[in-house]
$ cat data_13.tsv   # TSV, C-alpha atoms
chain	number	residue	atom	x	y	z
A	1	GLY	CA	112.00	118.33	115.76
A	2	TYR	CA	114.05	115.73	113.93
A	3	SER	CA	110.94	113.95	112.61
A	4	ILE	CA	109.58	117.26	111.42
A	5	GLY	CA	112.87	118.14	109.77
A	6	ILE	CA	113.20	114.99	107.69
A	7	ARG	CA	109.85	115.72	106.07
A	8	LEU	CA	110.02	119.49	106.02
A	9	ILE	CA	113.06	119.46	103.76
A	10	ASP	CA	111.04	118.03	100.87
A	11	ASP	CA	108.39	120.67	101.38
A	12	PHE	CA	111.10	123.33	101.39
A	13	LEU	CA	112.72	122.01	98.22
A	14	ALA	CA	109.38	121.66	96.48
A	15	ARG	CA	108.34	125.21	97.21
A	16	SER	CA	111.55	127.14	96.98
A	17	ASP	CA	113.13	125.61	93.87
A	18	VAL	CA	116.66	126.35	95.03
A	19	LYS	CA	119.74	124.80	93.50
A	20	LYS	CA	122.23	122.65	95.36
A	21	CYS	CA	124.41	124.61	97.74
A	22	ARG	CA	128.08	124.51	96.96
A	23	SER	CA	129.54	125.24	100.34
A	24	TYR	CA	128.67	125.14	104.00
A	25	SER	CA	128.35	128.89	104.18
A	26	GLU	CA	125.89	128.85	101.28
A	27	THR	CA	123.93	126.22	103.15
A	28	ALA	CA	123.87	128.27	106.33
A	29	ASP	CA	122.76	131.32	104.37
A	30	MET	CA	120.04	129.31	102.68
A	31	ILE	CA	118.74	128.10	106.04
A	32	ALA	CA	118.69	131.57	107.51
A	33	GLN	CA	117.48	133.66	104.60
A	34	VAL	CA	115.16	131.33	102.75
A	35	ALA	CA	114.00	128.59	105.09
A	36	PHE	CA	113.50	130.59	108.27
A	37	LYS	CA	111.79	133.30	106.26
A	38	MET	CA	109.48	130.78	104.63
A	39	TYR	CA	108.42	128.97	107.76
A	40	LEU	CA	108.79	131.42	110.60
A	41	GLY	CA	108.85	134.77	108.87
A	42	VAL	CA	112.10	135.85	110.49
A	43	THR	CA	115.57	136.14	109.05
A	44	PRO	CA	118.34	135.30	111.49
A	45	SER	CA	121.79	136.67	110.77
A	46	VAL	CA	124.53	134.20	109.98
A	47	SER	CA	128.07	134.37	111.24
A	48	CYS	CA	130.90	131.93	110.78
A	49	ARG	CA	132.37	130.73	114.03
A	50	SER	CA	135.40	128.83	112.94
A	51	ALA	CA	138.31	129.28	110.59
A	52	ALA	CA	137.68	125.87	109.05
A	53	GLY	CA	134.38	127.16	107.73
A	54	ASN	CA	132.19	124.43	109.10
A	55	GLU	CA	130.76	126.08	112.21
A	56	PHE	CA	128.12	128.74	111.93
A	57	SER	CA	125.74	130.49	114.22
A	58	LEU	CA	122.31	131.88	113.50
A	59	ILE	CA	121.36	134.81	115.65
A	60	LEU	CA	117.63	135.32	115.98
A	61	ASP	CA	116.36	138.77	116.86
A	62	LYS	CA	112.79	137.71	116.90
A	63	ASN	CA	111.70	134.19	117.77
A	64	PRO	CA	108.03	133.58	116.97
A	65	LEU	CA	108.02	130.41	119.06
A	66	VAL	CA	108.43	132.42	122.25
A	67	ASP	CA	105.91	135.14	121.42
A	68	PHE	CA	103.67	134.08	124.26
A	69	VAL	CA	106.35	132.98	126.70
A	70	GLU	CA	107.42	135.52	129.29
A	71	GLU	CA	109.84	133.42	131.22
A	72	LEU	CA	110.60	129.82	132.00
A	73	PRO	CA	109.10	128.44	135.23
A	74	ALA	CA	111.56	127.97	138.07
A	75	GLU	CA	111.54	124.16	137.95
A	76	ARG	CA	112.32	124.23	134.24
A	77	ALA	CA	115.04	126.77	134.28
A	78	SER	CA	117.41	124.56	132.32
A	79	LEU	CA	114.95	123.85	129.52
A	80	TRP	CA	115.96	124.79	125.98
A	81	TYR	CA	112.46	125.85	125.01
A	82	CYS	CA	113.02	126.00	121.26
A	83	ASN	CA	115.16	122.93	120.88
A	84	LEU	CA	112.59	121.82	118.36
A	85	LEU	CA	114.26	124.17	115.89
A	86	CYS	CA	117.59	122.43	116.34
A	87	GLY	CA	116.00	119.07	115.61
A	88	VAL	CA	114.30	120.42	112.50
A	89	ILE	CA	117.55	121.81	111.12
A	90	ARG	CA	119.45	118.63	111.93
A	91	GLY	CA	116.81	116.37	110.35
A	92	ALA	CA	116.52	118.48	107.24
A	93	LEU	CA	120.28	118.61	106.74
A	94	GLU	CA	120.58	114.88	107.23
A	95	MET	CA	118.10	114.21	104.44
A	96	VAL	CA	120.27	116.16	102.03
A	97	HIS	CA	123.28	114.17	103.19
A	98	LEU	CA	124.89	116.82	105.38
A	99	ALA	CA	125.63	115.57	108.87
A	100	ALA	CA	125.51	118.37	111.38
A	101	GLU	CA	125.25	119.06	115.07
A	102	VAL	CA	122.82	121.79	115.91
A	103	THR	CA	122.47	123.19	119.41
A	104	PHE	CA	121.40	126.32	121.18
A	105	LEU	CA	124.32	128.38	122.31
A	106	GLN	CA	122.44	131.19	123.94
A	107	ASP	CA	118.79	131.74	124.69
A	108	ARG	CA	117.09	134.98	125.70
A	109	LEU	CA	114.59	132.98	127.74
A	110	LYS	CA	117.40	131.90	129.99
A	111	GLY	CA	118.68	135.40	130.47
A	112	ASP	CA	121.39	135.47	127.81
A	113	ALA	CA	121.84	138.52	125.65
A	114	MET	CA	120.54	136.95	122.48
A	115	THR	CA	119.21	133.76	120.98
A	116	GLU	CA	121.87	131.91	119.07
A	117	ILE	CA	121.74	128.54	117.34
A	118	GLY	CA	125.05	126.91	116.47
A	119	ILE	CA	125.39	124.62	113.45
A	120	THR	CA	128.50	122.49	113.16
A	121	PHE	CA	128.85	120.59	109.92
A	122	LEU	CA	130.57	117.26	110.48
A	123	ARG	CA	132.68	115.35	107.95
A	124	LYS	CA	132.24	116.18	104.28
A	125	PRO	CA	129.71	114.00	102.40
A	126	GLU	CA	131.51	110.69	102.10
A	127	ASP	CA	131.48	107.97	99.50
A	128	ARG	CA	131.52	110.15	96.45
A	129	LYS	CA	131.12	107.13	94.23
A	130	HIS	CA	127.86	106.34	95.95
A	131	LYS	CA	126.69	109.88	95.98
A	132	ARG	CA	123.95	110.66	93.53
A	133	ASN	CA	122.60	114.10	92.91
B	1	VAL	CA	93.88	95.59	70.05
B	2	GLY	CA	95.59	95.15	73.38
B	3	HIS	CA	93.33	97.75	74.93
B	4	ALA	CA	90.85	97.13	77.69
B	5	VAL	CA	87.68	98.89	78.79
B	6	LEU	CA	88.66	101.28	81.54
B	7	ALA	CA	85.42	103.10	82.25
B	8	ILE	CA	81.78	103.22	81.15
B	9	ASN	CA	79.86	106.46	81.55
B	10	GLY	CA	82.46	107.61	84.01
B	11	THR	CA	82.35	104.62	86.39
B	12	GLU	CA	85.57	102.65	86.63
B	13	VAL	CA	85.60	99.09	85.33
B	14	ASN	CA	87.48	96.23	86.93
B	15	GLY	CA	87.67	93.16	84.75
B	16	ARG	CA	84.10	92.36	83.75
B	17	PHE	CA	82.30	94.37	86.38
B	18	THR	CA	81.91	98.03	87.05
B	19	ALA	CA	82.62	99.58	90.40
B	20	ASP	CA	78.94	99.25	91.37
B	21	GLY	CA	78.76	95.54	90.50
B	22	LYS	CA	77.13	95.63	87.07
B	23	ASP	CA	78.26	93.17	84.40
B	24	VAL	CA	79.83	95.15	81.57
B	25	LEU	CA	78.78	92.94	78.67
B	26	GLU	CA	75.22	92.77	79.93
B	27	PHE	CA	75.10	96.51	80.28
B	28	LEU	CA	76.43	97.04	76.77
B	29	GLY	CA	74.06	94.44	75.33
B	30	ASN	CA	70.98	96.29	76.56
B	31	PRO	CA	69.93	98.97	74.02
B	32	ALA	CA	67.98	100.80	76.70
B	33	ASN	CA	71.29	101.93	78.19
B	34	TYR	CA	72.48	103.70	75.02
B	35	PRO	CA	73.99	106.20	74.37
B	36	VAL	CA	76.94	105.04	76.43
B	37	SER	CA	80.43	106.43	76.62
B	38	ILE	CA	83.24	103.92	76.88
B	39	ARG	CA	86.84	104.70	77.71
B	40	PHE	CA	89.49	102.35	76.35
B	41	GLY	CA	93.09	102.22	77.29
B	42	ARG	CA	96.03	100.03	78.14
B	43	HIS	CA	95.62	97.59	81.01
B	44	ARG	CA	96.30	99.05	84.41
B	45	LEU	CA	99.51	97.63	85.86
B	46	SER	CA	99.23	95.60	89.04
B	47	SER	CA	101.22	96.70	92.08
B	48	ASN	CA	103.73	93.92	91.54
B	49	GLU	CA	104.31	94.89	87.94
B	50	LYS	CA	104.75	98.49	88.99
B	51	LEU	CA	107.32	97.51	91.61
B	52	MET	CA	109.22	95.42	89.12
B	53	LEU	CA	109.30	98.09	86.46
B	54	ALA	CA	110.23	100.76	88.98
B	55	SER	CA	113.13	98.76	90.35
B	56	MET	CA	114.37	98.09	86.83
B	57	PHE	CA	114.23	101.76	86.08
B	58	HIS	CA	116.02	102.54	89.34
B	59	SER	CA	118.96	100.38	88.23
B	60	LEU	CA	119.01	101.98	84.79
B	61	PHE	CA	118.95	105.37	86.43
B	62	ALA	CA	121.91	104.45	88.63
B	63	ILE	CA	123.88	103.18	85.65
B	64	GLY	CA	122.99	106.31	83.75
B	65	SER	CA	124.35	108.64	86.43
B	66	GLN	CA	127.55	106.66	86.70
B	67	LEU	CA	128.10	106.61	82.96
B	68	SER	CA	128.00	110.36	82.88
B	69	PRO	CA	131.38	111.90	82.01
B	70	GLU	CA	130.67	114.70	84.49
B	71	VAL	CA	130.56	114.12	88.23
B	72	GLY	CA	127.26	114.59	89.97
B	73	SER	CA	124.97	113.86	87.07
B	74	SER	CA	121.27	114.22	87.66
B	75	GLY	CA	120.64	110.83	86.07
B	76	ILE	CA	118.02	109.99	83.46
B	77	GLU	CA	115.65	112.93	83.12
B	78	MET	CA	113.83	111.85	80.00
B	79	LEU	CA	113.43	108.68	77.99
B	80	GLU	CA	112.01	109.28	74.55
B	81	THR	CA	110.41	106.75	72.25
B	82	ASP	CA	108.11	107.27	69.29
B	83	THR	CA	105.01	106.33	71.26
B	84	PHE	CA	105.68	107.98	74.61
B	85	LYS	CA	108.08	110.02	76.67
B	86	LEU	CA	109.06	109.08	80.18
B	87	HIS	CA	110.01	112.04	82.38
B	88	CYS	CA	111.81	111.45	85.64
B	89	PHE	CA	112.51	113.83	88.48
B	90	GLN	CA	114.63	112.81	91.44
B	91	THR	CA	114.59	114.79	94.66
B	92	LEU	CA	117.75	115.87	96.41
B	93	THR	CA	116.66	114.34	99.68
B	94	GLY	CA	117.25	110.77	100.71
B	95	THR	CA	117.84	108.76	103.84
B	96	VAL	CA	121.23	107.77	105.09
B	97	ARG	CA	121.44	104.15	106.07
B	98	PRO	CA	124.32	102.63	107.98
B	99	ARG	CA	126.25	100.21	105.81
B	100	ALA	CA	125.93	97.43	108.40
B	101	LEU	CA	122.25	96.94	107.68
B	102	LEU	CA	122.84	96.23	104.00
B	103	CYS	CA	125.64	93.71	104.46
B	104	PHE	CA	123.71	91.16	106.45
B	105	ALA	CA	125.24	88.35	104.40
B	106	ARG	CA	128.71	89.29	105.57
B	107	ALA	CA	127.91	89.86	109.21
B	108	VAL	CA	131.54	89.48	110.24
B	109	CYS	CA	132.55	92.55	108.30
B	110	ALA	CA	129.98	94.86	109.87
B	111	ARG	CA	132.23	96.52	112.41
B	112	PRO	CA	130.49	99.12	114.53
B	113	SER	CA	133.55	101.31	114.44
B	114	SER	CA	133.34	101.93	110.69
B	115	ARG	CA	131.00	104.85	110.20
B	116	SER	CA	130.58	104.69	106.46
B	117	CYS	CA	127.07	105.04	105.20
B	118	ILE	CA	125.19	104.28	102.03
B	119	VAL	CA	123.59	107.41	100.81
B	120	ALA	CA	120.18	106.69	99.35
B	121	PRO	CA	119.28	108.95	96.44
B	122	GLY	CA	115.75	110.08	97.23
B	123	ILE	CA	112.32	109.70	95.74
B	124	LYS	CA	111.80	109.65	91.97
B	125	PHE	CA	108.71	110.90	90.23
B	126	MET	CA	108.06	109.41	86.81
B	127	VAL	CA	105.52	110.62	84.31
B	128	LEU	CA	104.69	108.80	81.08
B	129	ALA	CA	103.22	111.14	78.52
B	130	ASP	CA	102.53	111.58	74.87
B	131	PRO	CA	105.70	112.69	73.07
B	132	ARG	CA	104.07	115.93	72.01
B	133	GLN	CA	102.81	116.86	75.46
B	134	THR	CA	104.41	119.95	76.95
B	135	GLY	CA	104.64	121.27	80.47
B	136	ILE	CA	105.71	118.00	82.06
B	137	ASP	CA	108.49	119.70	84.03
B	138	ALA	CA	105.96	121.94	85.70
B	139	LEU	CA	103.78	118.90	86.31
B	140	LEU	CA	106.65	117.06	88.00
B	141	ARG	CA	107.28	120.06	90.27
B	142	LYS	CA	103.56	120.19	91.07
B	143	ILE	CA	103.58	116.49	91.93
B	144	TYR	CA	106.54	117.08	94.26
B	145	GLU	CA	104.51	119.79	96.00
B	146	ILE	CA	101.47	117.51	96.26
B	147	TYR	CA	103.69	114.76	97.68
B	148	SER	CA	105.14	117.08	100.28
B	149	ASP	CA	101.69	118.43	101.17
B	150	TYR	CA	99.51	115.33	101.29
B	151	ALA	CA	101.91	112.44	101.85
B	152	LEU	CA	104.69	113.89	103.99
B	153	LYS	CA	102.37	115.92	106.19
B	154	ASN	CA	100.15	112.89	106.77
B	155	PRO	CA	101.18	111.55	110.18
B	156	PHE	CA	100.11	108.03	109.23
B	157	TYR	CA	102.39	107.85	106.26
B	158	SER	CA	105.82	106.32	106.96
B	159	LEU	CA	108.67	107.35	104.75
B	160	GLU	CA	109.55	105.02	101.86
B	161	MET	CA	106.33	103.04	102.12
B	162	PRO	CA	103.68	102.90	99.35
B	163	ILE	CA	101.56	106.02	99.47
B	164	ARG	CA	97.96	105.23	100.37
B	165	CYS	CA	96.69	108.70	101.19
B	166	GLU	CA	93.32	109.68	99.79
B	167	LEU	CA	94.05	113.37	99.56
B	168	PHE	CA	97.27	112.64	97.73
B	169	ASP	CA	95.41	110.55	95.12
B	170	GLN	CA	92.68	113.13	94.73
B	171	ASN	CA	95.01	116.06	94.25
B	172	LEU	CA	97.24	114.06	91.97
B	173	LYS	CA	94.28	113.30	89.76
B	174	LEU	CA	93.33	116.97	89.68
B	175	ALA	CA	96.85	117.99	88.74
B	176	LEU	CA	96.94	115.43	85.94
B	177	GLU	CA	93.63	116.66	84.59
B	178	VAL	CA	94.87	120.23	84.59
B	179	ALA	CA	98.04	119.20	82.80
B	180	GLU	CA	96.11	117.27	80.18
B	181	LYS	CA	93.83	120.19	79.48
B	182	ALA	CA	96.76	122.56	79.23
B	183	GLY	CA	98.59	120.30	76.78
B	184	PRO	CA	98.06	120.26	73.04
B	185	PHE	CA	95.19	117.78	73.31
B	186	GLY	CA	91.92	117.67	75.10
B	187	PRO	CA	91.26	115.45	78.13
B	188	GLY	CA	91.14	111.72	77.67
B	189	SER	CA	93.93	111.47	75.10
$ encode --input "data_13.tsv" --output "C-alpha cells"
Amino acid sequence: GYSIGIRLIDDFLARSDVKKCRSYSETADMIAQVAFKMYLGVTPSVSCRSAAGNEFSLILDKNPLVDFVEELPAERASLWYCNLLCGVIRGALEMVHLAAEVTFLQDRLKGDAMTEIGITFLRKPEDRKHKRN
Amino acid sequence: VGHAVLAINGTEVNGRFTADGKDVLEFLGNPANYPVSIRFGRHRLSSNEKLMLASMFHSLFAIGSQLSPEVGSSGIEMLETDTFKLHCFQTLTGTVRPRALLCFARAVCARPSSRSCIVAPGIKFMVLADPRQTGIDALLRKIYEIYSDYALKNPFYSLEMPIRCELFDQNLKLALEVAEKAGPFGPGS
C-alpha cells in the first residue's frame, strides 16, 4: 500500500485541486471526505481520538474492498485484510511531508463492531527553513 | 539566423537526415519533391543541456522562495522576458530523505540517532511560451494530470528518474497541441 500511496498522492492533488491543509484535523477530513470518496466511493466519518489533536480515527460503514469477502479463513484469522489502505494513507501523507502511523484499530471481518482506521500524526513538519511549499 | 530545420513535410529532422534516412539538402535540391513544407525553430536542447538548465533554475527557485518576505512562498511561478514567458508549477509532494545520505563527506557527523530529514520540494513543471499566450495555468494542471496518469501509474517508471514513457510523451504532445490551438495564435507558432 505504501508504494501505491506515494504515487497516488500526486494523482489526488492533480485531480482534486485542493489547497494546503492548515491543521491535522483538516488533513483527516480531507482524507475522509475527498480522497476516500474519489477512490473508493465511500465517506468514512472522522473523529478525533486525542486531546492533543494529532490522533484521528476514520470509521468506515461500507468497505468496498471486502464486498466479496464473507469471512477470513480460520488459518488467517489474524490477518488485517485491508491493511493496504493503511499503507496508502501513510505513503501519501509522507509525500506531503506529514509523518504518520496508520493502523487498523477494529475490523468487522474479525468480528469487531465496526471498521476503524487510526491515524496518528507524528512530530510536526521539521526544519522550517528547509521546508518549501 | 540561429534557427535550424526541425521538420520537413511533417517528418522530424535530426542534423542533416530525416527520421527515415533521407539527406535533407538532397531532398530540398530536387524540384520533383516540391511543394515542400519546412518547419524552422530553435535547436533542440540535448539532455545534458536540459539537465544543466533545470538545475540552475532549481537553485534560482530555491533562492526565490527564501527571499520572499512571507513564509511558505510558492517560489518562482513566472519569469517574463520580452521574447518568452517561463511558467513554473511545483507540486506539493516530495520525498523525504534522511540527512545522513546527503552528508557523505562528513561521515563522522551522520549519527543514526538524529532523525532530522531534508525535505525535498517535489517535481516542477516548466512551460516556455510566447508572452501573449494565455491558458498556461490550465496547461500546467493538465500536464500534472498527464504525469500522474501516464508516468506515475507506469510500473516501470521509478520516481525521480527521467520519464521515458511513450504514453506520457504522446499525451503531452496532444495537450500542447490543444493549448496552442486555444491560444491567440494558430499551431506552429
$ closest_residue --input "data_13.tsv" --among "A:Glu55, A:Thr103, A:Ala113, A:Val96" --to "chain B" --atoms "all atoms listed in the file"
A:Val96
$ residues_around --input "data_13.tsv" --residues "region 74-86 of chain B" --least-positions-apart "5" --cutoff "10 Å" --atoms "all atoms listed in the file" --output "list in words"
Arg132 and Asn133 of chain A; Phe57, His58, Leu60, Phe61, Ala62, Ile63, Gly64, Ser65, Gln66, Leu67, Ser68, Thr91, Leu92, Met126, Val127, Leu128, Ala129, Asp130, Pro131, Arg132, Gln133, Ile136 and Asp137 of chain B
$ interface_residues --input "data_13.tsv" --of "chain B" --to "chain A" --cutoff "12 Å" --atoms "all atoms listed in the file" --output "NGL selection string"
:B and (61-68 or 70-76 or 89-97 or 99 or 115-124 or 138-155 or 157-160)
$ residues_around --input "data_13.tsv" --residues "Val36 (chain B)" --least-positions-apart "2" --cutoff "8 Å" --atoms "all atoms listed in the file" --output "list in words"
Ile8, Asn9, Asn33, Tyr34 and Ile38 of chain B
$ residues_around --input "data_13.tsv" --residues "Lys110 (chain A)" --least-positions-apart "4" --cutoff "8 Å" --atoms "only C-alpha atoms" --output "number ranges by chain"
A: 71-72, 77-78, 106
$ closest_residue --input "data_13.tsv" --among "A:Leu105, A:Met30, A:Cys21, A:Ile119" --to "Ser50 (chain A)" --atoms "all atoms listed in the file"
A:Ile119
$ atom_distance --input "data_13.tsv" --atom1 "CA of Ile117 (chain A)" --atom2 "CA of Ile59 (chain A)"
6.5 Å
$ atom_distance --input "data_13.tsv" --atom1 "CA of Leu58 (chain A)" --atom2 "CA of Phe36 (chain A)"
10.3 Å
$ atom_distance --input "data_13.tsv" --atom1 "CA of Arg42 (chain B)" --atom2 "CA of Leu6 (chain B)"
8.2 Å
$ residues_around --input "data_13.tsv" --residues "Val66 (chain A)" --least-positions-apart "5" --cutoff "12 Å" --atoms "all atoms listed in the file" --output "JSON, numbers by chain"
{"A": [40, 60, 61, 71, 72, 80, 81, 82, 83, 85, 107, 108, 109, 110, 115]}
$ closest_residue --input "data_13.tsv" --among "A:Pro73, A:Gly53, A:Pro44, A:Gly5" --to "Arg123 (chain A)" --atoms "only C-alpha atoms"
A:Gly53
$ axis_aligned_box --input "data_13.tsv" --around "region 102-114 of chain A" --padding-each-side "8 Å" --output "AutoDock Vina command-line options"
--center_x 119.5 --center_y 130.2 --center_z 123.2 --size_x 25.7 --size_y 32.7 --size_z 30.6
$ residues_near_point --input "data_13.tsv" --point "(114.2, 115.8, 115.6)" --cutoff "6 Å" --atoms "only C-alpha atoms" --output "PDB file with C-alpha atoms, in the coordinates of the input"
ATOM      1  CA  GLY A   1     112.000 118.330 115.760  1.00  0.00           C
ATOM      2  CA  TYR A   2     114.050 115.730 113.930  1.00  0.00           C
ATOM      3  CA  SER A   3     110.940 113.950 112.610  1.00  0.00           C
ATOM      4  CA  GLY A  87     116.000 119.070 115.610  1.00  0.00           C
ATOM      5  CA  VAL A  88     114.300 120.420 112.500  1.00  0.00           C
ATOM      6  CA  GLY A  91     116.810 116.370 110.350  1.00  0.00           C
TER       7      GLY A  91
END
$ build_atoms --input "data_13.tsv" --residues "region 70-80 of chain A" --atoms "all heavy atoms" --output "short mmCIF file (atom, residue, chain, number, x, y, z; two decimals), in the coordinates of the input"
data_model
loop_
_atom_site.label_atom_id
_atom_site.label_comp_id
_atom_site.auth_asym_id
_atom_site.auth_seq_id
_atom_site.Cartn_x
_atom_site.Cartn_y
_atom_site.Cartn_z
N GLU A 70 106.74 134.41 128.62
CA GLU A 70 107.42 135.52 129.29
C GLU A 70 108.72 135.04 129.89
O GLU A 70 109.77 135.63 129.69
CB GLU A 70 106.53 136.06 130.40
CG GLU A 70 105.48 136.98 129.87
CD GLU A 70 104.65 137.55 131.00
OE1 GLU A 70 105.01 137.31 132.17
OE2 GLU A 70 103.67 138.22 130.70
N GLU A 71 108.60 133.97 130.67
CA GLU A 71 109.84 133.42 131.22
C GLU A 71 109.61 131.95 131.55
O GLU A 71 108.49 131.50 131.69
CB GLU A 71 110.25 134.19 132.47
CG GLU A 71 109.17 134.21 133.53
CD GLU A 71 109.65 134.91 134.77
OE1 GLU A 71 110.48 135.82 134.63
OE2 GLU A 71 109.23 134.52 135.85
N LEU A 72 110.70 131.24 131.68
CA LEU A 72 110.60 129.82 132.00
C LEU A 72 110.23 129.66 133.47
O LEU A 72 110.70 130.42 134.31
CB LEU A 72 111.93 129.11 131.74
CG LEU A 72 112.39 129.02 130.29
CD1 LEU A 72 113.80 128.49 130.22
CD2 LEU A 72 111.45 128.11 129.51
N PRO A 73 109.39 128.66 133.81
CA PRO A 73 109.10 128.44 135.23
C PRO A 73 110.34 127.98 135.97
O PRO A 73 111.25 127.42 135.38
CB PRO A 73 108.03 127.33 135.21
CG PRO A 73 108.04 126.76 133.86
CD PRO A 73 108.67 127.75 132.93
N ALA A 74 110.35 128.20 137.28
CA ALA A 74 111.56 127.97 138.07
C ALA A 74 112.05 126.53 137.98
O ALA A 74 113.25 126.27 137.88
CB ALA A 74 111.31 128.36 139.52
N GLU A 75 111.08 125.56 137.98
CA GLU A 75 111.54 124.16 137.95
C GLU A 75 112.07 123.76 136.59
O GLU A 75 112.59 122.68 136.42
CB GLU A 75 110.46 123.14 138.26
CG GLU A 75 109.20 123.40 138.99
CD GLU A 75 108.28 124.45 138.53
OE1 GLU A 75 108.57 125.61 138.87
OE2 GLU A 75 107.31 124.14 137.84
N ARG A 76 111.88 124.61 135.58
CA ARG A 76 112.32 124.23 134.24
C ARG A 76 113.36 125.20 133.75
O ARG A 76 113.46 125.48 132.57
CB ARG A 76 111.13 124.25 133.27
CG ARG A 76 110.00 123.34 133.65
CD ARG A 76 110.18 121.94 133.09
NE ARG A 76 109.11 121.07 133.54
CZ ARG A 76 109.19 120.29 134.60
NH1 ARG A 76 110.28 120.28 135.34
NH2 ARG A 76 108.18 119.53 134.95
N ALA A 77 114.12 125.70 134.65
CA ALA A 77 115.04 126.77 134.28
C ALA A 77 116.11 126.32 133.31
O ALA A 77 116.71 127.12 132.61
CB ALA A 77 115.69 127.35 135.53
N SER A 78 116.36 125.01 133.23
CA SER A 78 117.41 124.56 132.32
C SER A 78 116.86 124.08 131.00
O SER A 78 117.55 123.46 130.21
CB SER A 78 118.20 123.43 132.99
OG SER A 78 117.32 122.35 133.18
N LEU A 79 115.59 124.35 130.74
CA LEU A 79 114.95 123.85 129.52
C LEU A 79 115.35 124.71 128.32
O LEU A 79 115.28 125.92 128.38
CB LEU A 79 113.43 123.89 129.71
CG LEU A 79 112.59 123.46 128.52
CD1 LEU A 79 112.71 121.97 128.34
CD2 LEU A 79 111.14 123.84 128.74
N TRP A 80 115.76 124.06 127.23
CA TRP A 80 115.96 124.79 125.98
C TRP A 80 114.61 124.77 125.27
O TRP A 80 114.27 123.81 124.61
CB TRP A 80 117.02 124.10 125.11
CG TRP A 80 118.39 124.13 125.68
CD1 TRP A 80 119.08 123.09 126.20
CD2 TRP A 80 119.27 125.26 125.79
NE1 TRP A 80 120.33 123.49 126.61
CE2 TRP A 80 120.47 124.81 126.37
CE3 TRP A 80 119.15 126.61 125.43
CZ2 TRP A 80 121.55 125.66 126.62
CZ3 TRP A 80 120.23 127.44 125.68
CH2 TRP A 80 121.40 126.98 126.26
#
